[in-house]
$ cat target39.cif   # mmCIF, C-alpha atoms and all ligand atoms
data_coords
loop_
_atom_site.label_atom_id
_atom_site.label_comp_id
_atom_site.auth_asym_id
_atom_site.auth_seq_id
_atom_site.Cartn_x
_atom_site.Cartn_y
_atom_site.Cartn_z
CA MET A 1 12.79 -23.78 1.78
CA HIS A 2 11.37 -20.98 -0.39
CA PRO A 3 7.92 -22.02 -1.62
CA VAL A 4 6.45 -21.06 -4.99
CA ASP A 5 2.73 -20.97 -5.76
CA THR A 6 0.80 -22.88 -8.45
CA LEU A 7 1.86 -20.26 -11.02
CA GLY A 8 5.55 -20.43 -10.07
CA ARG A 9 5.57 -17.17 -8.10
CA PRO A 10 7.84 -16.94 -5.05
CA ILE A 11 6.95 -14.95 -1.95
CA ARG A 12 9.05 -11.80 -1.73
CA ASP A 13 7.03 -8.94 -0.21
CA LEU A 14 4.85 -8.77 2.84
CA ARG A 15 2.46 -5.96 3.64
CA ILE A 16 1.43 -5.73 7.25
CA SER A 17 -1.61 -3.72 8.22
CA VAL A 18 -0.94 -2.51 11.76
CA THR A 19 -4.33 -0.90 12.33
CA ASP A 20 -7.68 -0.72 10.56
CA ARG A 21 -8.22 2.87 11.79
CA CYS A 22 -7.51 6.04 9.89
CA ASN A 23 -7.83 9.77 10.49
CA PHE A 24 -8.73 10.35 6.80
CA ARG A 25 -11.89 9.27 5.01
CA CYS A 26 -10.68 9.11 1.41
CA SER A 27 -13.80 8.48 -0.60
CA TYR A 28 -12.16 5.68 -2.63
CA CYS A 29 -11.02 3.83 0.49
CA MET A 30 -13.00 4.61 3.68
CA PRO A 31 -16.07 6.58 2.63
CA LYS A 32 -17.85 8.29 5.52
CA SER A 33 -21.11 6.68 4.51
CA VAL A 34 -19.67 3.34 5.66
CA PHE A 35 -16.80 4.21 8.00
CA GLY A 36 -18.68 6.94 9.87
CA GLN A 37 -20.32 6.70 13.27
CA GLY A 38 -21.29 3.22 14.24
CA TYR A 39 -18.60 1.44 12.23
CA ARG A 40 -16.97 -1.19 14.40
CA PHE A 41 -13.19 -0.99 14.31
CA MET A 42 -11.00 -3.69 15.90
CA ASP A 43 -10.32 -3.68 19.62
CA ARG A 44 -6.75 -3.39 20.74
CA LYS A 45 -6.63 -7.00 21.92
CA GLU A 46 -7.67 -8.19 18.50
CA LEU A 47 -4.56 -6.65 16.91
CA LEU A 48 -1.36 -8.63 16.65
CA THR A 49 1.13 -7.37 19.23
CA PHE A 50 4.58 -6.19 18.13
CA GLU A 51 6.03 -9.40 19.50
CA GLU A 52 3.60 -11.45 17.41
CA LEU A 53 4.30 -9.31 14.36
CA GLU A 54 8.01 -9.87 14.72
CA ARG A 55 7.41 -13.64 14.81
CA VAL A 56 5.25 -13.39 11.71
CA ALA A 57 7.93 -11.35 9.98
CA ARG A 58 10.64 -13.86 10.83
CA THR A 59 8.45 -16.66 9.50
CA PHE A 60 8.00 -14.91 6.16
CA VAL A 61 11.67 -13.97 5.89
CA ALA A 62 12.56 -17.65 6.36
CA LEU A 63 10.26 -18.38 3.38
CA GLY A 64 11.86 -15.79 1.08
CA VAL A 65 10.45 -12.38 1.98
CA GLU A 66 12.95 -9.54 1.50
CA LYS A 67 10.76 -6.51 2.01
CA ILE A 68 8.09 -5.61 4.56
CA ARG A 69 5.82 -2.64 4.15
CA LEU A 70 3.88 -1.35 7.18
CA THR A 71 0.49 -0.03 6.23
CA GLY A 72 -3.12 0.17 7.44
CA GLY A 73 -5.48 2.10 7.93
CA GLU A 74 -3.04 4.80 8.88
CA PRO A 75 0.01 3.02 10.32
CA LEU A 76 1.25 6.07 12.23
CA LEU A 77 -1.90 5.91 14.36
CA ARG A 78 -0.57 2.70 15.89
CA ARG A 79 1.06 3.75 19.14
CA GLU A 80 4.87 3.59 19.21
CA LEU A 81 5.13 2.13 15.74
CA GLU A 82 8.85 2.86 15.91
CA ARG A 83 9.19 0.00 18.38
CA LEU A 84 7.90 -2.40 15.76
CA VAL A 85 10.25 -0.91 13.17
CA GLU A 86 13.10 -1.41 15.62
CA ARG A 87 12.25 -5.09 16.04
CA LEU A 88 11.89 -5.68 12.30
CA ALA A 89 15.08 -3.81 11.48
CA THR A 90 17.06 -6.41 13.44
CA ILE A 91 16.03 -9.15 10.98
CA ASP A 92 18.89 -9.88 8.59
CA GLY A 93 18.42 -8.98 4.94
CA LEU A 94 15.06 -7.29 5.46
CA ASP A 95 14.07 -3.94 3.99
CA VAL A 96 11.47 -2.20 6.21
CA THR A 97 9.25 0.44 4.59
CA LEU A 98 6.09 2.38 5.41
CA THR A 99 3.06 3.70 3.51
CA THR A 100 1.42 6.69 5.17
CA ASN A 101 -0.88 9.62 4.56
CA ALA A 102 1.90 11.67 6.23
CA SER A 103 -0.47 13.50 8.58
CA LEU A 104 1.77 12.53 11.52
CA LEU A 105 5.03 12.16 9.62
CA ALA A 106 6.61 15.51 10.49
CA ARG A 107 6.46 14.48 14.15
CA LYS A 108 7.57 10.89 13.62
CA ALA A 109 10.18 10.97 10.84
CA ARG A 110 13.26 11.12 13.02
CA VAL A 111 12.30 8.36 15.47
CA LEU A 112 11.29 6.13 12.58
CA ARG A 113 14.59 6.69 10.81
CA ASP A 114 16.50 6.08 14.05
CA ALA A 115 14.55 2.86 14.55
CA GLY A 116 15.80 1.60 11.18
CA LEU A 117 13.06 2.44 8.70
CA GLY A 118 14.48 2.28 5.17
CA ARG A 119 12.03 4.32 3.07
CA VAL A 120 8.60 5.95 3.08
CA ASN A 121 5.77 6.07 0.56
CA VAL A 122 3.52 9.06 1.09
CA SER A 123 0.02 9.12 -0.36
CA LEU A 124 -0.93 12.50 -1.80
CA ASP A 125 -3.61 12.66 -4.46
CA SER A 126 -3.55 16.34 -5.37
CA LEU A 127 -1.59 19.52 -4.79
CA ASP A 128 -4.73 21.55 -5.23
CA ASP A 129 -5.82 22.23 -1.65
CA PRO A 130 -9.62 22.20 -2.14
CA THR A 131 -9.37 18.99 -4.21
CA PHE A 132 -7.16 17.29 -1.63
CA ARG A 133 -9.32 18.39 1.30
CA SER A 134 -12.37 17.02 -0.42
CA MET A 135 -10.67 13.72 -1.36
CA ASN A 136 -9.49 13.03 2.21
CA ASP A 137 -12.91 14.23 3.38
CA VAL A 138 -11.61 15.48 6.72
CA ASP A 139 -10.48 18.86 5.39
CA PHE A 140 -6.80 18.00 5.80
CA PRO A 141 -4.55 20.57 4.05
CA VAL A 142 -1.92 19.72 1.41
CA GLU A 143 0.61 21.87 3.25
CA ARG A 144 0.81 19.50 6.23
CA VAL A 145 1.50 16.53 3.95
CA LEU A 146 4.26 18.50 2.24
CA GLU A 147 5.72 19.25 5.69
CA GLY A 148 5.74 15.53 6.42
CA ILE A 149 7.56 14.82 3.16
CA ALA A 150 10.11 17.55 3.92
CA ALA A 151 10.68 16.22 7.43
CA ALA A 152 11.26 12.66 6.19
CA SER A 153 13.60 13.90 3.53
CA SER A 154 15.56 16.07 5.94
CA VAL A 155 16.36 13.09 8.17
CA GLY A 156 17.55 11.15 5.13
CA LEU A 157 14.55 8.90 4.45
CA PRO A 158 13.98 8.38 0.72
CA VAL A 159 10.38 9.35 -0.13
CA LYS A 160 8.10 8.22 -2.95
CA VAL A 161 4.79 9.97 -3.47
CA ASN A 162 1.74 7.93 -4.54
CA ALA A 163 -1.38 9.44 -6.07
CA VAL A 164 -4.57 7.55 -6.86
CA VAL A 165 -6.16 9.09 -9.95
CA LYS A 166 -9.93 9.28 -10.28
CA ARG A 167 -11.47 10.70 -13.44
CA GLY A 168 -13.18 14.04 -12.98
CA VAL A 169 -11.88 14.28 -9.41
CA ASN A 170 -8.12 14.89 -9.50
CA ASP A 171 -6.94 13.91 -13.00
CA ALA A 172 -6.73 17.55 -14.07
CA GLY A 173 -3.85 17.99 -11.60
CA VAL A 174 -1.62 15.18 -12.87
CA VAL A 175 0.75 17.44 -14.83
CA ASP A 176 0.94 19.93 -11.94
CA MET A 177 2.02 17.15 -9.63
CA ALA A 178 4.67 16.03 -12.11
CA ARG A 179 5.92 19.63 -12.39
CA TYR A 180 6.10 20.01 -8.61
CA PHE A 181 8.00 16.79 -7.88
CA ARG A 182 10.34 16.85 -10.91
CA GLY A 183 13.88 17.44 -9.79
CA THR A 184 13.12 16.93 -6.07
CA GLY A 185 14.44 13.37 -5.94
CA HIS A 186 10.97 12.14 -4.85
CA THR A 187 9.61 9.71 -7.40
CA LEU A 188 5.95 10.34 -8.09
CA ARG A 189 3.77 7.32 -8.87
CA PHE A 190 0.26 7.37 -10.19
CA ILE A 191 -2.04 4.52 -9.22
CA GLU A 192 -5.09 3.48 -11.23
CA TYR A 193 -8.21 3.65 -9.12
CA MET A 194 -9.05 0.05 -8.20
CA ASP A 195 -12.23 -1.83 -7.37
CA VAL A 196 -11.04 -2.84 -3.91
CA GLY A 197 -13.64 -3.28 -1.21
CA SER A 198 -17.32 -2.97 -1.87
CA THR A 199 -17.96 0.45 -0.40
CA ASN A 200 -16.42 2.92 -2.84
CA GLY A 201 -18.90 2.47 -5.68
CA TRP A 202 -16.13 1.77 -8.22
CA ARG A 203 -16.91 2.07 -11.94
CA LEU A 204 -14.54 1.37 -14.80
CA ASP A 205 -15.34 4.84 -16.18
CA ASP A 206 -13.70 6.42 -13.12
CA VAL A 207 -10.34 4.82 -13.96
CA VAL A 208 -7.82 6.97 -15.81
CA PRO A 209 -5.62 4.45 -17.67
CA ALA A 210 -1.91 4.68 -16.84
CA ALA A 211 -1.14 5.10 -20.55
CA GLU A 212 -3.25 8.26 -20.60
CA ILE A 213 -1.43 9.65 -17.56
CA VAL A 214 1.95 9.01 -19.20
CA GLU A 215 0.74 10.63 -22.41
CA ARG A 216 -0.44 13.76 -20.61
CA ILE A 217 2.86 14.21 -18.78
CA ASP A 218 4.96 13.29 -21.81
CA ALA A 219 3.24 16.05 -23.81
CA VAL A 220 4.64 18.65 -21.40
CA PHE A 221 7.75 16.95 -19.97
CA PRO A 222 9.04 14.34 -22.46
CA LEU A 223 9.50 10.87 -20.98
CA GLU A 224 11.22 7.62 -21.88
CA PRO A 225 10.61 4.15 -20.41
CA VAL A 226 13.00 2.63 -17.86
CA GLU A 227 13.49 -1.16 -17.67
CA ALA A 228 11.97 -2.88 -14.60
CA SER A 229 14.71 -3.42 -12.03
CA TYR A 230 13.38 -6.63 -10.49
CA ARG A 231 10.67 -9.24 -10.89
CA GLY A 232 7.48 -8.18 -9.16
CA GLU A 233 8.11 -4.45 -9.55
CA VAL A 234 4.56 -3.17 -9.83
CA ALA A 235 5.25 0.30 -11.20
CA GLN A 236 6.15 0.86 -14.84
CA ARG A 237 8.88 3.46 -14.70
CA TYR A 238 9.61 6.43 -16.97
CA ARG A 239 12.39 8.99 -16.78
CA TYR A 240 12.28 12.62 -17.82
CA ARG A 241 14.41 13.02 -20.92
CA ASP A 242 15.93 16.16 -19.42
CA GLY A 243 17.28 14.22 -16.40
CA ALA A 244 14.84 15.64 -13.82
CA GLY A 245 14.13 12.21 -12.33
CA GLU A 246 11.48 9.51 -12.74
CA ILE A 247 7.78 8.85 -12.47
CA GLY A 248 5.97 5.55 -12.18
CA VAL A 249 2.51 4.31 -13.07
CA ILE A 250 0.74 1.38 -11.46
CA SER A 251 -1.70 0.03 -13.98
CA SER A 252 -3.41 -2.65 -11.93
CA VAL A 253 -6.66 -2.29 -13.86
CA THR A 254 -5.63 -1.71 -17.49
CA GLN A 255 -2.44 -3.85 -17.53
CA PRO A 256 -2.59 -6.32 -14.66
CA PHE A 257 0.62 -7.80 -13.36
CA CYS A 258 -0.61 -10.88 -11.50
CA GLY A 259 1.96 -13.07 -13.28
CA ASP A 260 4.68 -11.36 -11.25
CA CYS A 261 2.75 -10.84 -8.03
CA THR A 262 5.00 -11.97 -5.20
CA ARG A 263 3.11 -10.24 -2.41
CA ALA A 264 1.37 -11.50 0.72
CA ARG A 265 -0.70 -9.42 3.10
CA ILE A 266 -1.51 -9.64 6.81
CA SER A 267 -4.50 -7.83 8.26
CA ALA A 268 -4.18 -6.07 11.61
CA GLU A 269 -5.86 -9.02 13.34
CA GLY A 270 -3.41 -11.46 11.82
CA LYS A 271 -5.19 -12.96 8.82
CA LEU A 272 -3.01 -13.90 5.88
CA TYR A 273 -4.29 -12.97 2.39
CA THR A 274 -2.57 -13.97 -0.81
CA CYS A 275 -4.39 -11.42 -3.01
CA LEU A 276 -5.77 -7.92 -2.57
CA PHE A 277 -9.06 -9.28 -3.80
CA ALA A 278 -9.16 -12.47 -1.76
CA LEU A 279 -12.32 -13.22 0.13
CA ARG A 280 -10.91 -15.42 2.83
CA GLY A 281 -7.78 -15.19 4.90
CA THR A 282 -5.91 -17.71 7.05
CA ASP A 283 -5.99 -16.99 10.76
CA LEU A 284 -2.35 -16.76 11.87
CA ARG A 285 -3.33 -15.13 15.16
CA ALA A 286 -5.09 -18.29 16.29
CA LEU A 287 -1.94 -20.26 15.53
CA LEU A 288 0.30 -17.74 17.28
CA ARG A 289 -1.91 -17.69 20.36
CA SER A 290 -2.26 -21.46 20.56
CA GLY A 291 1.44 -22.03 21.15
CA ALA A 292 2.44 -23.04 17.62
CA SER A 293 6.17 -23.61 17.11
CA ASP A 294 8.20 -21.66 14.53
CA GLU A 295 8.10 -24.74 12.35
CA ASP A 296 4.29 -25.01 12.60
CA LEU A 297 4.01 -21.38 11.56
CA ARG A 298 6.35 -21.82 8.61
CA ASP A 299 4.49 -24.93 7.47
CA ALA A 300 1.14 -23.18 7.68
CA VAL A 301 2.28 -20.18 5.62
CA ALA A 302 4.17 -22.33 3.09
CA GLY A 303 1.08 -24.52 2.72
CA VAL A 304 -1.13 -21.54 1.94
CA TRP A 305 1.39 -20.10 -0.51
CA THR A 306 1.97 -23.33 -2.43
CA ARG A 307 -1.79 -23.65 -2.99
CA ARG A 308 -2.11 -20.02 -4.18
CA THR A 309 -3.85 -19.55 -7.54
CA ASP A 310 -4.81 -15.83 -7.35
CA ARG A 311 -4.90 -13.70 -10.49
CA TYR A 312 -7.93 -11.52 -9.90
CA SER A 313 -6.80 -8.47 -11.91
CA GLU A 314 -6.19 -10.59 -14.98
CA ILE A 315 -9.72 -11.92 -14.95
CA ARG A 316 -11.47 -8.76 -13.75
CA THR A 317 -14.58 -7.60 -15.56
CA GLU A 318 -17.36 -5.21 -14.56
CA ARG A 319 -19.16 -8.34 -13.30
CA THR A 320 -16.38 -9.59 -11.02
CA SER A 321 -16.05 -6.10 -9.57
CA GLU A 322 -19.55 -6.53 -8.17
CA LEU A 323 -18.57 -9.56 -6.11
CA PRO A 324 -18.07 -9.02 -2.37
CA ARG A 325 -14.55 -8.44 -1.14
CA ILE A 326 -12.59 -7.05 1.77
CA GLU A 327 -11.79 -3.37 2.29
CA MET A 328 -8.46 -1.72 1.47
CA SER A 329 -8.22 -0.18 4.94
CA TYR A 330 -8.47 -3.70 6.39
CA ILE A 331 -5.96 -5.41 4.13
CA GLY A 332 -3.63 -2.44 3.77
CA GLY A 333 -3.39 -1.67 0.04
N1 LIG A 401 -3.23 5.28 5.10
C1 LIG A 401 -2.02 4.99 4.40
C2 LIG A 401 -1.97 5.76 3.11
O1 LIG A 401 -3.00 6.25 2.64
O2 LIG A 401 -0.86 5.84 2.55
C3 LIG A 401 -1.79 3.51 4.15
C4 LIG A 401 -2.96 2.64 3.80
S1 LIG A 401 -3.74 2.99 2.25
C5 LIG A 401 -5.04 1.79 2.21
C6 LIG A 401 -2.53 2.35 1.12
C7 LIG A 401 -2.63 2.86 -0.29
O3 LIG A 401 -3.79 2.34 -0.89
C8 LIG A 401 -2.69 4.37 -0.44
O4 LIG A 401 -1.66 4.82 -1.28
C9 LIG A 401 -4.04 4.59 -1.08
O5 LIG A 401 -4.04 5.70 -1.93
C10 LIG A 401 -4.25 3.29 -1.81
N2 LIG A 401 -5.67 3.04 -2.13
C11 LIG A 401 -6.71 3.01 -1.28
N3 LIG A 401 -7.88 2.73 -1.93
C12 LIG A 401 -7.53 2.58 -3.25
C13 LIG A 401 -8.26 2.29 -4.44
N4 LIG A 401 -9.58 2.10 -4.43
N5 LIG A 401 -7.58 2.20 -5.60
C14 LIG A 401 -6.23 2.37 -5.63
N6 LIG A 401 -5.49 2.64 -4.55
C15 LIG A 401 -6.12 2.76 -3.37
FE1 LIG A 402 -6.86 6.36 5.24
FE2 LIG A 402 -4.98 5.68 3.53
FE3 LIG A 402 -7.49 4.80 3.16
FE4 LIG A 402 -6.98 7.38 2.82
S1 LIG A 402 -6.12 5.68 1.62
S2 LIG A 402 -8.70 6.50 4.00
S3 LIG A 402 -5.39 7.75 4.29
S4 LIG A 402 -6.16 4.27 4.83
FE1 LIG A 403 -1.54 -9.86 -6.99
FE2 LIG A 403 -4.13 -10.36 -6.65
FE3 LIG A 403 -3.30 -7.92 -7.45
FE4 LIG A 403 -3.16 -10.01 -9.14
S1 LIG A 403 -5.02 -9.12 -8.31
S2 LIG A 403 -1.56 -8.47 -8.76
S3 LIG A 403 -2.67 -11.68 -7.68
S4 LIG A 403 -2.88 -8.91 -5.47
#

$ encode --input "target39.cif" --output "structure tokens" --more "lines below"
Ligand code: SAM
Ligand code: SF4
Ligand code: SF4
Amino acid sequence: MHPVDTLGRPIRDLRISVTDRCNFRCSYCMPKSVFGQGYRFMDRKELLTFEELERVARTFVALGVEKIRLTGGEPLLRRELERLVERLATIDGLDVTLTTNASLLARKARVLRDAGLGRVNVSLDSLDDPTFRSMNDVDFPVERVLEGIAAASSVGLPVKVNAVVKRGVNDAGVVDMARYFRGTGHTLRFIEYMDVGSTNGWRLDDVVPAAEIVERIDAVFPLEPVEASYRGEVAQRYRYRDGAGEIGVISSVTQPFCGDCTRARISAEGKLYTCLFALRGTDLRALLRSGASDEDLRDAVAGVWTRRTDRYSEIRTERTSELPRIEMSYIGG
């Protein structure tokens, strides 16, 4: 049985946060003022084990999930992540992908590919070294991220590059990024800065609308729209008219796509969330650790999904963005 929610949306993608820790402190995600000394991260025993995660994955695949993205925090900080990839890659019909800041990717690309990883999304917000170092706030150089991308590519992993754009911070470098990645085969995607979490001090004025990003690139490298290839595709795609590849824009703030949102999320401690902006999750870890059968698990997840009403981005206003909500590093973006 493949459940649909109250708005007729099936469940197709699952994002699994494998750790709430990160070695970066991107100001829009884990600002040092909050995630500095004294912040309490999860203990190891609180995290779902790889065995538990495989059970969760199989449950979701039975309910219609076709793609799993491993995320975090920084997923490559989770020890021996390749062993989880290996387990997930044995599940029939499942595409296993990863979102990473690429700080450890050069070292890990080959084992991840060998374990069965299908693709990688690398987050890189600027090619300008001082800007990037200041955005990650741990002085991490652009060069090392580029080495990670090169390593992934050289072992045959397709790479997409994601950049969050914040006005007055890195928007001046949008065209430079397009120039750099054109013709490399790596699709570059720009993400509107979102009001996730309650620690990043989000303001609507900081958002650079996707339409403006497309306009700026189109003025230098002419673009044309590409049709969405499947329901639930979050990026609007454009191709360079000269054949140098594609870019994408993810306009979660200015043109919300809740109507097609087929995504569920699991936090590192095993809570199920049906929206990036949800306040409460369902504790799957408790079920897993209380001896629930596969059927019990499926029923629990299907029950949550069939009651789902989420459409936060469609009803967002400056007021709703002031309401409390969970952090991106916890729920995994
Ligand atoms: N650490 C990994 C990374 O950065 O790729 C994975 C986790 S990170 C939370 C997942 C994605 O969320 C990244 O691409 C990041 O840029 C994005 N992100 C974090 N905070 C965001 C925000 N406020 N608005 C939009 N995207 C955000
Ligand atoms: Fe870490 Fe990714 Fe958040 Fe940056 S966006 S702080 S790399 S989890
Ligand atoms: Fe999906 Fe919630 Fe984002 Fe809408 S706001 S697209 S329902 S995660």

$ closest_atom_pairs --input "target39.cif" --of "chain A" --to "ligand LIG 403 (chain A)" --cutoff "6 Å" --atoms "only C-alpha atoms and all ligand atoms" --output "JSON lines"
{"residue": "A:Phe257", "atom": "CA", "partner": "A:LIG403", "partner_atom": "S2", "distance": 5.1}
{"residue": "A:Cys258", "atom": "CA", "partner": "A:LIG403", "partner_atom": "FE4", "distance": 3.6}
{"residue": "A:Cys261", "atom": "CA", "partner": "A:LIG403", "partner_atom": "FE1", "distance": 4.5}
{"residue": "A:Cys275", "atom": "CA", "partner": "A:LIG403", "partner_atom": "FE2", "distance": 3.8}
{"residue": "A:Leu276", "atom": "CA", "partner": "A:LIG403", "partner_atom": "S4", "distance": 4.2}
{"residue": "A:Phe277", "atom": "CA", "partner": "A:LIG403", "partner_atom": "FE2", "distance": 5.8}
{"residue": "A:Asp310", "atom": "CA", "partner": "A:LIG403", "partner_atom": "S3", "distance": 4.7}
{"residue": "A:Arg311", "atom": "CA", "partner": "A:LIG403", "partner_atom": "S3", "distance": 4.1}
{"residue": "A:Tyr312", "atom": "CA", "partner": "A:LIG403", "partner_atom": "S1", "distance": 4.1}
{"residue": "A:Ser313", "atom": "CA", "partner": "A:LIG403", "partner_atom": "S1", "distance": 4.1}

$ residues_around --input "target39.cif" --residues "segment 265-271 of chain A" --least-positions-apart "3" --cutoff "10 Å" --atoms "only C-alpha atoms" --output "PyMOL selection string"
chain A and resi 13-21+42-49+52-53+56+68-73+274-276+280-288+328-333

$ closest_atom_pairs --input "target39.cif" --of "chain A" --to "ligand LIG 401 (chain A)" --cutoff "9 Å" --atoms "all atoms listed in the file" --output "Markdown table"
| residue | atom | partner | partner_atom | distance |
| --- | --- | --- | --- | --- |
| A:Ser17 | CA | A:LIG401 | C4 | 7.9 |
| A:Asp20 | CA | A:LIG401 | C4 | 8.9 |
| A:Arg21 | CA | A:LIG401 | N1 | 8.7 |
| A:Cys22 | CA | A:LIG401 | N1 | 6.5 |
| A:Asn23 | CA | A:LIG401 | N1 | 8.4 |
| A:Phe24 | CA | A:LIG401 | N1 | 7.7 |
| A:Cys26 | CA | A:LIG401 | N3 | 7.7 |
| A:Ser27 | CA | A:LIG401 | N3 | 8.4 |
| A:Tyr28 | CA | A:LIG401 | N4 | 4.8 |
| A:Cys29 | CA | A:LIG401 | N3 | 4.1 |
| A:Met30 | CA | A:LIG401 | N3 | 7.8 |
| A:Leu70 | CA | A:LIG401 | C3 | 8.1 |
| A:Thr71 | CA | A:LIG401 | C3 | 4.7 |
| A:Gly72 | CA | A:LIG401 | C4 | 4.4 |
| A:Gly73 | CA | A:LIG401 | N1 | 4.8 |
| A:Glu74 | CA | A:LIG401 | N1 | 3.8 |
| A:Pro75 | CA | A:LIG401 | C3 | 6.4 |
| A:Leu76 | CA | A:LIG401 | N1 | 8.5 |
| A:Leu98 | CA | A:LIG401 | C3 | 8.1 |
| A:Thr99 | CA | A:LIG401 | O2 | 4.6 |
| A:Thr100 | CA | A:LIG401 | O2 | 3.6 |
| A:Asn101 | CA | A:LIG401 | C2 | 4.3 |
| A:Ala102 | CA | A:LIG401 | O2 | 7.4 |
| A:Asn121 | CA | A:LIG401 | O2 | 6.9 |
| A:Val122 | CA | A:LIG401 | O2 | 5.6 |
| A:Ser123 | CA | A:LIG401 | O2 | 4.5 |
| A:Leu124 | CA | A:LIG401 | O5 | 7.5 |
| A:Asp125 | CA | A:LIG401 | O5 | 7.4 |
| A:Val161 | CA | A:LIG401 | O4 | 8.5 |
| A:Asn162 | CA | A:LIG401 | O4 | 5.6 |
| A:Ala163 | CA | A:LIG401 | O5 | 6.2 |
| A:Val164 | CA | A:LIG401 | O5 | 5.3 |
| A:Val165 | CA | A:LIG401 | C14 | 8.0 |
| A:Lys166 | CA | A:LIG401 | N5 | 8.8 |
| A:Ile191 | CA | A:LIG401 | C14 | 5.9 |
| A:Glu192 | CA | A:LIG401 | C14 | 5.8 |
| A:Tyr193 | CA | A:LIG401 | N5 | 3.9 |
| A:Met194 | CA | A:LIG401 | N5 | 3.7 |
| A:Asp195 | CA | A:LIG401 | N4 | 5.6 |
| A:Val196 | CA | A:LIG401 | N4 | 5.2 |
| A:Gly197 | CA | A:LIG401 | N4 | 7.5 |
| A:Asn200 | CA | A:LIG401 | N4 | 7.1 |
| A:Trp202 | CA | A:LIG401 | N4 | 7.6 |
| A:Ser252 | CA | A:LIG401 | C14 | 8.5 |
| A:Glu327 | CA | A:LIG401 | N3 | 8.4 |
| A:Met328 | CA | A:LIG401 | C5 | 5.0 |
| A:Ser329 | CA | A:LIG401 | C5 | 4.6 |
| A:Tyr330 | CA | A:LIG401 | C5 | 7.7 |
| A:Ile331 | CA | A:LIG401 | C5 | 7.5 |
| A:Gly332 | CA | A:LIG401 | C5 | 4.7 |
| A:Gly333 | CA | A:LIG401 | O3 | 4.1 |

$ residues_near_point --input "target39.cif" --point "(11.7, -20.5, 8.7)" --cutoff "8 Å" --atoms "only C-alpha atoms" --output "PyMOL selection string"
chain A and resi 1+58-63+294-295+298

$ write_last_selection --input "target39.cif" --atoms "C-alpha atoms" --output "CSV table (one decimal), keeping the file's coordinate frame"
chain,number,residue,atom,x,y,z
A,1,MET,CA,12.8,-23.8,1.8
A,58,ARG,CA,10.6,-13.9,10.8
A,59,THR,CA,8.4,-16.7,9.5
A,60,PHE,CA,8.0,-14.9,6.2
A,61,VAL,CA,11.7,-14.0,5.9
A,62,ALA,CA,12.6,-17.6,6.4
A,63,LEU,CA,10.3,-18.4,3.4
A,294,ASP,CA,8.2,-21.7,14.5
A,295,GLU,CA,8.1,-24.7,12.4
A,298,ARG,CA,6.4,-21.8,8.6

$ closest_residue --input "target39.cif" --among "A:Val120, A:Val138, A:Leu188, A:Leu84" --to "ligand LIG 402 (chain A)" --atoms "all atoms listed in the file"
A:Val138

$ atom_distance --input "target39.cif" --atom1 "atom CA of Gly38 of chain A" --atom2 "atom S2 of ligand LIG 402 (chain A)"
16.6 Å
